[in-house]
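A.B. asks: This is the content of coords.txt (compact mmCIF, C-alpha atoms):
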```
# COMPACT_ATOMS: atom_id res chain seq x y z
CA MET A 1141 42.55 -59.92 31.05
CA ASN A 1142 39.95 -60.05 28.41
CA ARG A 1143 37.22 -60.67 30.98
CA ARG A 1144 38.54 -57.77 33.06
CA SER A 1145 38.57 -55.42 30.10
CA SER A 1146 35.05 -56.46 29.11
CA LEU A 1147 33.86 -55.90 32.66
CA ALA A 1148 35.56 -52.50 32.80
CA LEU A 1149 34.03 -51.56 29.46
CA ALA A 1150 30.58 -52.72 30.56
CA LEU A 1151 30.87 -50.78 33.84
CA THR A 1152 32.05 -47.64 32.03
CA ALA A 1153 29.15 -47.86 29.59
CA THR A 1154 26.69 -48.39 32.44
CA PHE A 1155 28.01 -45.36 34.34
CA ALA A 1156 27.99 -43.27 31.19
CA VAL A 1157 24.35 -44.12 30.48
CA ALA A 1158 23.32 -43.64 34.10
CA GLY A 1159 25.22 -40.34 34.30
CA SER A 1160 23.65 -38.97 31.16
CA LEU A 1161 20.20 -39.96 32.43
CA LEU A 1162 20.87 -38.16 35.72
CA VAL A 1163 22.04 -35.03 33.90
CA ALA A 1164 19.07 -35.11 31.55
CA ALA A 1165 16.46 -35.73 34.25
CA PRO A 1166 16.44 -32.27 35.89
CA LYS A 1167 16.02 -30.67 32.45
CA ASP A 1168 12.91 -32.76 31.85
CA ARG A 1169 11.47 -31.79 35.20
CA ARG A 1170 12.16 -28.12 34.54
CA ALA A 1171 10.40 -28.52 31.23
CA ASN A 1172 7.35 -29.92 33.00
CA ASN A 1173 7.19 -26.90 35.30
CA THR A 1174 7.36 -24.31 32.53
CA PRO A 1175 4.59 -23.64 30.01
CA ALA A 1176 4.43 -26.09 27.15
CA ALA A 1177 7.06 -25.47 24.53
CA PRO A 1178 5.64 -24.16 21.27
CA ALA A 1179 4.51 -26.98 19.08
CA ALA A 1180 5.87 -27.25 15.58
CA ALA A 1181 4.19 -24.83 13.18
CA PRO A 1182 1.24 -26.39 11.36
CA GLN A 1183 1.87 -27.85 7.95
CA SER A 1184 1.67 -25.54 4.98
CA ILE A 1185 0.80 -26.63 1.46
CA ALA A 1186 1.78 -25.75 -2.12
CA VAL A 1187 -0.81 -25.06 -4.80
CA ASN A 1188 -0.26 -24.12 -8.44
CA GLY A 1189 3.44 -23.56 -7.77
CA VAL A 1190 2.74 -21.29 -4.81
CA ALA A 1191 4.41 -22.65 -1.71
CA ASP A 1192 3.98 -22.08 2.02
CA ILE A 1193 0.22 -21.69 1.97
CA ASP A 1194 -1.52 -21.95 5.31
CA PRO A 1195 -4.62 -23.92 4.24
CA THR A 1196 -6.71 -22.29 6.95
CA LYS A 1197 -6.21 -18.91 5.28
CA ALA A 1198 -6.85 -20.11 1.73
CA PHE A 1199 -10.18 -20.35 -0.05
CA GLY A 1200 -11.54 -22.07 -3.12
CA SER A 1201 -10.57 -25.01 -5.26
CA LYS A 1202 -6.93 -26.06 -5.40
CA ASN A 1203 -7.50 -26.89 -9.09
CA ALA A 1204 -8.51 -23.33 -9.95
CA PRO A 1205 -6.67 -21.92 -12.99
CA VAL A 1206 -5.53 -18.83 -11.10
CA THR A 1207 -4.06 -18.48 -7.63
CA MET A 1208 -4.29 -15.08 -6.02
CA GLU A 1209 -2.21 -14.16 -3.01
CA ILE A 1210 -3.18 -11.01 -1.13
CA PHE A 1211 -0.64 -9.47 1.22
CA SER A 1212 -2.49 -7.24 3.62
CA ASP A 1213 -2.32 -5.45 6.92
CA PHE A 1214 -5.40 -5.31 9.14
CA GLN A 1215 -4.75 -1.69 10.07
CA CYS A 1216 -4.33 -0.35 6.53
CA PRO A 1217 -7.36 1.57 5.18
CA ALA A 1218 -6.78 0.45 1.57
CA CYS A 1219 -6.75 -3.18 2.74
CA LYS A 1220 -10.05 -2.60 4.49
CA GLN A 1221 -11.49 -1.16 1.30
CA LEU A 1222 -10.15 -4.07 -0.76
CA PHE A 1223 -11.52 -6.72 1.60
CA THR A 1224 -14.90 -5.16 2.18
CA THR A 1225 -15.63 -4.36 -1.47
CA THR A 1226 -13.52 -6.00 -4.19
CA ASN A 1227 -12.65 -9.14 -2.27
CA GLN A 1228 -16.26 -9.90 -1.36
CA ARG A 1229 -17.21 -9.94 -5.03
CA VAL A 1230 -14.11 -11.90 -6.03
CA MET A 1231 -15.11 -14.51 -3.44
CA GLU A 1232 -18.64 -14.74 -4.81
CA ASN A 1233 -17.82 -14.70 -8.52
CA TYR A 1234 -14.42 -16.37 -8.80
CA VAL A 1235 -13.54 -18.26 -5.63
CA ASP A 1236 -16.90 -19.92 -4.99
CA THR A 1237 -17.13 -20.85 -8.68
CA GLY A 1238 -13.73 -22.57 -8.68
CA LYS A 1239 -11.95 -20.07 -10.90
CA ILE A 1240 -9.57 -18.64 -8.32
CA TYR A 1241 -7.74 -20.07 -5.33
CA LEU A 1242 -7.42 -17.18 -2.91
CA VAL A 1243 -4.65 -17.03 -0.31
CA HIS A 1244 -4.64 -14.42 2.44
CA ARG A 1245 -1.13 -13.48 3.51
CA ASP A 1246 -0.34 -11.41 6.57
CA PHE A 1247 1.94 -8.49 6.02
CA PRO A 1248 1.73 -6.38 9.19
CA LEU A 1249 3.56 -3.12 8.65
CA PRO A 1250 5.78 -1.80 11.46
CA MET A 1251 4.14 1.65 11.17
CA HIS A 1252 0.86 0.23 12.53
CA ALA A 1253 0.76 -0.35 16.28
CA TYR A 1254 -1.84 -3.14 16.37
CA SER A 1255 -1.62 -4.85 13.00
CA ARG A 1256 0.65 -7.64 14.23
CA VAL A 1257 -1.70 -8.35 17.16
CA ALA A 1258 -4.64 -8.38 14.77
CA ALA A 1259 -2.76 -10.77 12.47
CA SER A 1260 -2.12 -13.11 15.42
CA TYR A 1261 -5.79 -13.18 16.45
CA SER A 1262 -6.94 -13.60 12.87
CA ARG A 1263 -4.53 -16.47 12.27
CA ALA A 1264 -5.65 -18.18 15.46
CA ALA A 1265 -9.30 -17.77 14.48
CA CYS A 1266 -8.56 -19.28 11.08
CA HIS A 1267 -7.10 -22.31 12.82
CA ILE A 1268 -10.36 -22.91 14.67
CA GLY A 1269 -12.41 -22.45 11.49
CA LYS A 1270 -13.58 -18.88 12.06
CA CYS A 1271 -11.41 -17.14 9.51
CA GLU A 1272 -13.96 -15.19 7.50
CA GLN A 1273 -15.93 -13.94 10.51
CA VAL A 1274 -12.86 -12.64 12.30
CA GLU A 1275 -11.22 -11.10 9.23
CA GLN A 1276 -14.48 -9.38 8.44
CA VAL A 1277 -15.03 -7.97 11.92
CA LEU A 1278 -11.44 -6.74 12.11
CA PHE A 1279 -11.66 -4.91 8.80
CA GLN A 1280 -15.15 -3.55 9.36
CA ASN A 1281 -14.28 -2.15 12.80
CA GLN A 1282 -10.78 -1.03 11.88
CA GLU A 1283 -11.19 2.59 13.02
CA GLN A 1284 -12.59 1.57 16.41
CA TRP A 1285 -9.89 -0.91 17.47
CA GLU A 1286 -7.22 1.26 15.88
CA ALA A 1287 -8.29 4.04 18.25
CA SER A 1288 -8.82 1.87 21.33
CA GLY A 1289 -6.26 -0.88 20.74
CA ASP A 1290 -8.92 -3.43 21.70
CA VAL A 1291 -8.24 -6.11 19.09
CA LYS A 1292 -9.15 -8.90 21.48
CA GLY A 1293 -12.57 -7.39 22.26
CA THR A 1294 -13.30 -6.94 18.58
CA VAL A 1295 -12.46 -10.57 17.84
CA ALA A 1296 -14.44 -11.76 20.87
CA SER A 1297 -17.56 -10.01 19.55
CA VAL A 1298 -18.00 -12.64 16.81
CA LEU A 1299 -16.88 -15.74 18.74
CA SER A 1300 -18.45 -17.77 21.51
CA PRO A 1301 -16.61 -17.80 24.86
CA ALA A 1302 -15.38 -21.34 24.15
CA GLU A 1303 -14.06 -20.35 20.72
CA MET A 1304 -12.43 -17.24 22.16
CA LYS A 1305 -10.71 -19.37 24.77
CA LYS A 1306 -9.19 -21.54 22.03
CA VAL A 1307 -8.14 -18.50 20.04
CA GLN A 1308 -6.57 -16.88 23.10
CA ALA A 1309 -4.66 -20.09 23.87
CA LEU A 1310 -3.26 -20.14 20.33
CA VAL A 1311 -2.31 -16.47 20.53
CA ASP A 1312 -0.67 -16.89 23.94
CA GLY A 1313 1.11 -20.06 22.83
CA LYS A 1314 2.61 -18.18 19.85
CA THR A 1315 2.61 -21.42 17.85
CA LEU A 1316 1.24 -19.66 14.77
CA GLU A 1317 3.65 -16.74 14.81
CA PRO A 1318 6.11 -18.52 12.45
CA LEU A 1319 3.35 -18.64 9.83
CA ILE A 1320 2.92 -14.86 10.01
CA ASP A 1321 6.69 -14.39 9.86
CA ARG A 1322 6.82 -16.71 6.85
CA ASP A 1323 4.12 -14.69 5.05
CA LYS A 1324 6.09 -11.55 5.73
CA GLN A 1325 9.27 -13.13 4.39
CA LEU A 1326 7.46 -14.25 1.27
CA GLY A 1327 6.14 -10.74 0.77
CA GLN A 1328 9.60 -9.30 1.13
CA GLY A 1329 10.73 -11.86 -1.46
CA TYR A 1330 8.14 -10.47 -3.86
CA VAL A 1331 9.35 -6.97 -2.92
CA VAL A 1332 6.00 -6.08 -1.40
CA ASN A 1333 6.47 -2.57 -0.05
CA GLN A 1334 2.90 -1.46 0.35
CA THR A 1335 -0.36 -3.05 1.31
CA PRO A 1336 -2.50 -4.41 -0.12
CA THR A 1337 -0.46 -6.16 -2.80
CA SER A 1338 -2.06 -8.98 -4.76
CA ILE A 1339 0.02 -11.47 -6.71
CA LEU A 1340 -1.87 -13.27 -9.45
CA HIS A 1341 -0.41 -16.60 -10.57
CA ALA A 1342 -1.64 -17.95 -13.89
CA LYS A 1343 -1.63 -21.61 -14.82
CA ASN A 1344 1.20 -21.03 -17.32
CA GLY A 1345 3.52 -19.97 -14.51
CA GLN A 1346 3.33 -16.24 -15.08
CA SER A 1347 2.89 -14.00 -12.04
CA PHE A 1348 1.46 -10.50 -12.00
CA PRO A 1349 1.76 -8.25 -8.97
CA VAL A 1350 -1.05 -5.74 -8.56
CA VAL A 1351 -0.17 -3.12 -5.99
CA GLY A 1352 -2.70 -1.14 -4.00
CA PHE A 1353 -6.46 -1.06 -3.95
CA VAL A 1354 -8.17 -2.10 -7.18
CA ASN A 1355 -11.89 -1.80 -7.65
CA TYR A 1356 -13.78 -4.89 -8.72
CA ASP A 1357 -14.71 -3.80 -12.24
CA VAL A 1358 -11.08 -3.05 -13.11
CA LEU A 1359 -9.80 -6.26 -11.54
CA LYS A 1360 -12.51 -8.31 -13.22
CA THR A 1361 -11.20 -7.53 -16.72
CA PHE A 1362 -7.79 -8.84 -15.72
CA LEU A 1363 -9.10 -11.89 -13.87
CA ASP A 1364 -11.25 -12.89 -16.84
CA GLN A 1365 -8.21 -12.67 -19.10
CA LEU A 1366 -6.13 -14.83 -16.75
CA VAL A 1367 -8.86 -17.39 -16.14
CA ALA A 1368 -9.37 -17.77 -19.90
CA GLN A 1369 -5.66 -18.45 -20.50
CA LYS A 1370 -4.83 -21.99 -21.47
CA MET B 342 16.11 42.58 -29.33
CA GLN B 343 18.12 41.97 -26.15
CA SER B 344 16.40 39.95 -23.42
CA ALA B 345 15.67 41.53 -20.04
CA PRO B 346 18.10 40.91 -17.17
CA LEU B 347 17.18 38.32 -14.55
CA ASN B 348 15.89 40.44 -11.70
CA PHE B 349 14.22 39.03 -8.54
CA ARG B 350 10.73 39.08 -10.06
CA ARG B 351 11.74 37.22 -13.19
CA ALA B 352 13.88 34.78 -11.18
CA ILE B 353 10.87 33.81 -9.06
CA ILE B 354 8.71 33.36 -12.14
CA TRP B 355 11.33 31.08 -13.67
CA LEU B 356 11.80 29.17 -10.42
CA GLY B 357 8.04 28.71 -10.03
CA ARG B 358 7.62 27.55 -13.61
CA ILE B 359 10.44 25.01 -13.38
CA VAL B 360 9.80 23.73 -9.85
CA LEU B 361 6.00 23.66 -9.90
CA GLY B 362 5.86 22.56 -13.54
CA GLY B 363 8.18 19.66 -12.76
CA ILE B 364 6.32 18.72 -9.60
CA PHE B 365 2.92 18.79 -11.31
CA ILE B 366 4.16 16.62 -14.19
CA TYR B 367 5.74 14.15 -11.77
CA ALA B 368 2.62 14.08 -9.56
CA GLY B 369 0.35 13.31 -12.51
CA TYR B 370 2.73 10.81 -14.07
CA SER B 371 3.30 8.93 -10.83
CA LYS B 372 -0.44 8.64 -10.21
CA LEU B 373 -1.02 7.25 -13.68
CA PHE B 374 1.97 4.93 -14.01
CA THR B 375 2.89 3.81 -10.49
CA PRO B 376 2.81 1.53 -8.56
CA ASN B 377 1.60 -0.74 -11.38
CA LEU B 378 3.16 -0.64 -14.82
CA MET B 379 2.79 -3.71 -17.01
CA THR B 380 3.77 -3.03 -20.59
CA GLN B 381 3.53 -6.51 -22.15
CA SER B 382 0.46 -5.46 -24.12
CA PHE B 383 -1.94 -2.56 -24.49
CA PHE B 384 -4.43 -4.49 -22.35
CA MET B 385 -1.87 -4.79 -19.54
CA LEU B 386 -0.94 -1.14 -19.81
CA LYS B 387 -4.58 -0.11 -19.69
CA PHE B 388 -5.16 -2.36 -16.69
CA SER B 389 -2.09 -0.88 -14.97
CA VAL B 390 -3.29 2.69 -15.47
CA LEU B 391 -6.84 1.86 -14.38
CA SER B 392 -5.63 0.01 -11.30
CA ASN B 393 -3.36 2.96 -10.41
CA LEU B 394 -6.28 5.35 -10.79
CA SER B 395 -8.37 3.01 -8.67
CA ASN B 396 -5.63 3.07 -6.05
CA PHE B 397 -5.48 6.88 -6.19
CA GLY B 398 -9.26 6.91 -5.87
CA GLN B 399 -8.93 5.04 -2.60
CA GLN B 400 -6.54 7.72 -1.35
CA VAL B 401 -9.02 10.42 -2.36
CA ARG B 402 -11.81 8.46 -0.67
CA SER B 403 -9.85 8.23 2.57
CA TYR B 404 -10.17 12.02 3.06
CA HIS B 405 -13.93 11.45 3.59
CA MET B 406 -14.86 14.62 1.72
CA LEU B 407 -16.42 13.47 -1.54
CA SER B 408 -19.25 11.26 -2.71
CA GLU B 409 -18.40 8.12 -4.71
CA SER B 410 -19.00 9.93 -8.02
CA GLY B 411 -16.84 12.81 -6.80
CA VAL B 412 -14.05 10.36 -5.94
CA THR B 413 -14.27 8.80 -9.40
CA PHE B 414 -14.23 12.20 -11.09
CA VAL B 415 -11.25 13.54 -9.13
CA SER B 416 -9.22 10.33 -9.39
CA HIS B 417 -9.65 10.13 -13.18
CA PHE B 418 -9.46 13.84 -13.98
CA LEU B 419 -6.73 15.15 -11.67
CA PRO B 420 -3.67 13.13 -12.79
CA PRO B 421 -3.87 14.02 -16.53
CA PHE B 422 -4.81 17.60 -15.64
CA GLU B 423 -1.71 17.88 -13.44
CA ILE B 424 0.47 16.76 -16.34
CA VAL B 425 -1.13 19.27 -18.73
CA LEU B 426 -0.81 22.10 -16.19
CA GLY B 427 2.82 21.21 -15.52
CA LEU B 428 3.62 21.27 -19.22
CA LEU B 429 1.85 24.60 -19.70
CA LEU B 430 3.83 26.11 -16.82
CA LEU B 431 7.08 24.91 -18.35
CA ILE B 432 6.14 26.23 -21.78
CA GLY B 433 5.13 29.56 -20.26
CA TRP B 434 2.39 30.33 -22.76
CA ARG B 435 -0.38 32.46 -21.17
CA LEU B 436 1.39 32.03 -17.87
CA ARG B 437 -0.99 34.24 -15.87
CA ILE B 438 -3.94 31.89 -16.54
CA TRP B 439 -2.14 28.64 -15.72
CA ALA B 440 -0.27 30.10 -12.75
CA SER B 441 -3.61 31.25 -11.32
CA ILE B 442 -5.13 27.79 -11.81
CA VAL B 443 -2.11 26.09 -10.22
CA THR B 444 -2.39 28.46 -7.25
CA ALA B 445 -6.10 27.72 -6.90
CA ILE B 446 -5.41 23.96 -7.01
CA LEU B 447 -2.69 24.30 -4.39
CA VAL B 448 -5.08 26.26 -2.16
CA GLY B 449 -7.46 23.29 -2.50
CA PHE B 450 -4.70 20.78 -1.73
CA ILE B 451 -3.49 22.58 1.36
CA THR B 452 -7.04 22.97 2.62
CA VAL B 453 -7.83 19.23 2.45
CA VAL B 454 -4.39 18.18 3.71
CA THR B 455 -4.55 20.56 6.68
CA ARG B 456 -8.08 19.44 7.50
CA ALA B 457 -7.03 15.76 7.44
CA TYR B 458 -3.97 16.53 9.57
CA LEU B 459 -6.02 18.43 12.14
CA LEU B 460 -8.58 15.64 12.26
CA GLY B 461 -5.74 13.19 12.90
CA LEU B 462 -6.60 10.98 9.93
CA GLN B 463 -3.92 8.32 9.50
CA ILE B 464 -3.98 8.16 5.72
CA ASP B 465 -1.74 8.33 2.71
CA CYS B 466 -1.64 11.87 1.39
CA GLY B 467 -2.15 10.73 -2.23
CA CYS B 468 0.15 13.52 -3.39
CA PHE B 469 2.22 11.21 -5.58
CA GLY B 470 1.90 7.60 -6.68
CA LYS B 471 4.21 6.39 -3.93
CA PRO B 472 2.43 5.83 -0.62
CA GLU B 473 3.27 8.65 1.75
CA PRO B 474 1.71 9.04 5.20
CA LEU B 475 0.09 12.43 5.74
CA THR B 476 2.10 14.29 8.37
CA GLY B 477 2.88 17.85 9.43
CA TRP B 478 5.69 17.80 6.88
CA THR B 479 3.11 17.29 4.10
CA VAL B 480 1.31 20.46 5.22
CA VAL B 481 4.58 22.44 5.39
CA ARG B 482 5.65 21.22 1.95
CA ASP B 483 2.30 22.11 0.38
CA ALA B 484 2.45 25.52 2.06
CA ALA B 485 5.88 26.13 0.53
CA PHE B 486 4.53 25.18 -2.92
CA LEU B 487 1.60 27.51 -2.39
CA VAL B 488 3.85 30.45 -1.44
CA LEU B 489 5.93 29.86 -4.56
CA ALA B 490 2.80 29.60 -6.73
CA LEU B 491 1.36 32.80 -5.24
CA LEU B 492 4.58 34.74 -5.82
CA MET B 493 4.84 33.37 -9.35
CA THR B 494 1.27 34.39 -10.14
CA VAL B 495 1.54 37.89 -8.64
CA PHE B 496 4.86 38.51 -10.37
CA ALA B 497 3.52 37.16 -13.66
CA PHE B 498 0.70 39.73 -13.53
CA GLN B 499 3.14 42.50 -12.56
CA GLU B 500 5.47 41.50 -15.37
CA ALA B 501 2.61 41.71 -17.85
CA ARG B 502 1.59 45.20 -16.65
CA GLN B 503 5.06 46.64 -16.19
CA PRO B 504 7.40 44.74 -18.43
CA HIS B 505 11.07 45.42 -18.10
CA PRO B 506 12.10 48.15 -20.54
CA TRP B 507 14.39 45.73 -22.33
CA SER B 508 11.71 43.17 -22.87
CA ALA B 509 8.98 45.70 -23.78
CA SER B 510 8.14 45.95 -27.43
CA PRO B 511 10.38 48.59 -28.97
CA THR B 512 8.86 51.98 -29.74
CA PRO B 513 9.11 52.77 -33.39
CA THR B 514 12.01 55.11 -34.03
CA PRO B 515 11.16 58.05 -36.23
CA ALA B 516 12.39 57.65 -39.73
CA PRO B 517 15.29 59.91 -40.60
CA PRO B 518 14.21 62.96 -42.59
CA GLN B 519 14.44 62.39 -46.27
CA PRO B 520 16.47 64.94 -48.20
CA SER B 521 14.17 66.95 -50.35
```
Please express what this file holds, its structure, as structure tokens.

C.D. replies:
Amino acid sequence: MNRRSSLALALTATFAVAGSLLVAAPKDRRANNTPAAPAAAPQSIAVNGVADIDPTKAFGSKNAPVTMEIFSDFQCPACKQLFTTTNQRVMENYVDTGKIYLVHRDFPLPMHAYSRVAASYSRAACHIGKCEQVEQVLFQNQEQWEASGDVKGTVASVLSPAEMKKVQALVDGKTLEPLIDRDKQLGQGYVVNQTPTSILHAKNGQSFPVVGFVNYDVLKTFLDQLVAQK
Amino acid sequence: MQSAPLNFRRAIIWLGRIVLGGIFIYAGYSKLFTPNLMTQSFFMLKFSVLSNLSNFGQQVRSYHMLSESGVTFVSHFLPPFEIVLGLLLLIGWRLRIWASIVTAILVGFITVVTRAYLLGLQIDCGCFGKPEPLTGWTVVRDAAFLVLALLMTVFAFQEARQPHPWSASPTPTPAPPQPS
């Protein structure tokens, strides 16, 4: 009786395993026929108490006394002005000198038809190490691609065909979209309701939102004060 | 002395003073103190105001009509001037002068807003501190303000030339004859 029960149990287990394998097998084959499932979103980091930073869109030393997050939209004129004027000088005088850790956050506004597409291409370019070139070309040619809708062509103008192929694969794969969504969620958490919005995080844990375009000379007074804080 | 009754002309002057005065004060205030207002210290407050003016400057710049020095002048001069004009309208002192200036400013506003709208510029109108896309509604609203300002100004001049008999300065009544 005992031997019979053991045999029955063993047979049942064998059939159960075999059955589950048979059921699972077609799913695996279907998976092989369809495009690759999106890979897990790349790892984000936390610096100076600021979480969910995509390191490919962050610049400067992680030990900098001030972390500056900029929520921007590639199609917003004030963002263009901030990036092409103020931001350039902040990069030279504060980021490159280790005083500020700068984080670019995507905050594409629904009112702009192509800003989400531009954010996707920019993010992909950052992940192949071409962040600054692509961000720059998108902002500098904002009026042109805004009128034509040709974001891809604008991005391609500063990348080699091989680089563009990688970027296009990342955009098509949509693996980086969660990072853009996460930036947007973070912005909504800070109650960002216009772009650009910069959040300055001091070493002592204080945060200061600065909404809208700020010219460099005005921002400099504030940055110097924050950097000097113990 | 009894005050004059509220006829149509005086009603429009009052309406213009209250509505346009309020709008001008709000427009100037919002440009100076929004979107940034940090009051922890004088330094923070100063930074907030300067950053708001810088932000307003960007909105002025986006009209593509002024040089960089012109942008700086307008962005720093206009918001406090709007507040002063609004207060003067509410007070009503020398109304004809301030009503004329407000009308002239509104003619300027509607000109640049209409131009930007016709050119299809997708910009913030910069009318108030809050970001507000420039649309046909912006043009219509500014036109309504201009009509009110024009009526207020014209009526203010008429009121000064032909004051209502009740509000005119009383003519001296002849003294009763003294018994000799």

A.B. asks: Could you make a table, as a tab-separated table, of the residues of chain B that have an atom within 12 Å of an atom of chain A, each with its nearest atom pair and distance in Å to one decimal, counting all atoms listed in the file, in chain and number order?

C.D. replies:
```
residue	atom	partner	partner_atom	distance
B:Lys372	CA	A:Gly1352	CA	11.8
B:Phe374	CA	A:Val1351	CA	11.6
B:Thr375	CA	A:Val1351	CA	8.8
B:Pro376	CA	A:Val1351	CA	6.1
B:Asn377	CA	A:Val1351	CA	6.2
B:Leu378	CA	A:Val1350	CA	9.1
B:Met379	CA	A:Phe1348	CA	8.5
B:Thr380	CA	A:Phe1348	CA	11.6
B:Gln381	CA	A:Phe1348	CA	11.1
B:Phe384	CA	A:Phe1362	CA	8.6
B:Met385	CA	A:Phe1362	CA	8.1
B:Leu386	CA	A:Phe1362	CA	11.1
B:Lys387	CA	A:Val1358	CA	9.7
B:Phe388	CA	A:Val1358	CA	7.0
B:Ser389	CA	A:Val1350	CA	8.1
B:Val390	CA	A:Val1358	CA	10.0
B:Leu391	CA	A:Val1358	CA	6.6
B:Ser392	CA	A:Val1354	CA	5.3
B:Asn393	CA	A:Gly1352	CA	7.6
B:Leu394	CA	A:Val1354	CA	8.5
B:Ser395	CA	A:Val1354	CA	5.3
B:Asn396	CA	A:Phe1353	CA	4.7
B:Phe397	CA	A:Phe1353	CA	8.3
B:Gly398	CA	A:Phe1353	CA	8.7
B:Gln399	CA	A:Ala1218	CA	6.6
B:Gln400	CA	A:Ala1218	CA	7.8
B:Val401	CA	A:Ala1218	CA	10.9
B:Arg402	CA	A:Ala1218	CA	9.7
B:Ser403	CA	A:Pro1217	CA	7.6
B:Tyr404	CA	A:Pro1217	CA	11.0
B:His405	CA	A:Pro1217	CA	12.0
B:Thr413	CA	A:Asn1355	CA	11.0
B:Gly461	CA	A:Ala1287	CA	10.9
B:Leu462	CA	A:Glu1283	CA	10.1
B:Gln463	CA	A:Pro1217	CA	8.7
B:Ile464	CA	A:Pro1217	CA	7.4
B:Asp465	CA	A:Pro1217	CA	9.1
B:Gly467	CA	A:Ala1218	CA	11.9
B:Gly470	CA	A:Gly1352	CA	10.2
B:Lys471	CA	A:Gln1334	CA	9.0
B:Pro472	CA	A:Gln1334	CA	7.4
B:Glu473	CA	A:Gln1334	CA	10.2
B:Pro474	CA	A:Met1251	CA	9.8
```

A.B. asks: List the spatial neighbours of Ser1347 in chain A as a list in words - criterion: any atom at most 12 Å away, only C-alpha atoms, same-chain residues fewer than 6 positions off excluded.

C.D. replies: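 Everything that qualifies: Asn1188, Gly1189, Val1190, Val1206, Thr1207, Met1208, Glu1209, Tyr1330, Ser1338, Ile1339, Leu1340, His1341 and Leu1366 of chain A; Met379 of chain B.
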
A.B. asks: Report the distance between CA of Phe450 in chain B and CA of Ala484 in chain B in Å, rounded to one decimal place.

C.D. replies: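 Going from CA of Phe450 in chain B over to CA of Ala484 in chain B covers 9.4 Å.
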
A.B. asks: Quick one: distance from CA of Asp1192 in chain A to CA of Glu1317 in chain A in Å, one decimal?

C.D. replies: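 Between CA of Asp1192 in chain A and CA of Glu1317 in chain A the gap works out to 13.9 Å.
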
A.B. asks: I want to know what sits within 8 Å of Val454 in chain B, based on only C-alpha atoms, with residues of the same chain fewer than 3 positions away left out; could you give that as a list in words?

C.D. replies: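 Those residues are Phe450, Ile451, Ala457, Tyr458, Cys466, Leu475, Thr479 and Val480 of chain B.
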
A.B. asks: From the options A:Ala1264, A:Ala1253, A:Leu1326, A:Cys1271, which residue's atoms come nearest to Ile1210 in chain A, counting all atoms listed in the file?

C.D. replies: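 When distances to Ile1210 in chain A are compared using all atoms listed in the file, the smallest one comes from A:Leu1326.
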
A.B. asks: If we count all atoms listed in the file and set the cut-off at 7 Å, which residues sit around range 485-490 of chain B, ignoring sequence neighbours fewer than 5 positions away in its own chain? Please answer as a ChimeraX atom specification.

C.D. replies: /B:357,440,443-444,447-448

A.B. asks: Around the point (-1.9, 30.3, -18.1) (coordinates from the file), which residues reach within 12 Å if we count all atoms listed in the file? Answer as a PyMOL selection string.

C.D. replies: chain B and resi 358+362+425-444+493-494+497-498

A.B. asks: Using all atoms listed in the file, which residues sit within 12 Å of Val1298 in chain A once same-chain residues fewer than 5 positions away are excluded, as a list of chain:residue names?

C.D. replies: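 With the cut-off at 12 Å, the set is A:Ser1262, A:Ala1265, A:Lys1270, A:Cys1271, A:Glu1272, A:Gln1273, A:Val1274, A:Glu1275, A:Gln1276, A:Val1277, A:Leu1278, A:Asn1281, A:Val1291, A:Lys1292, A:Gly1293, A:Glu1303, A:Met1304, A:Val1307.
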
A.B. asks: What does the structure give for the distance between CA of Glu1286 in chain A and CA of Thr1226 in chain A, in Å to one decimal?

C.D. replies: 22.3 Å
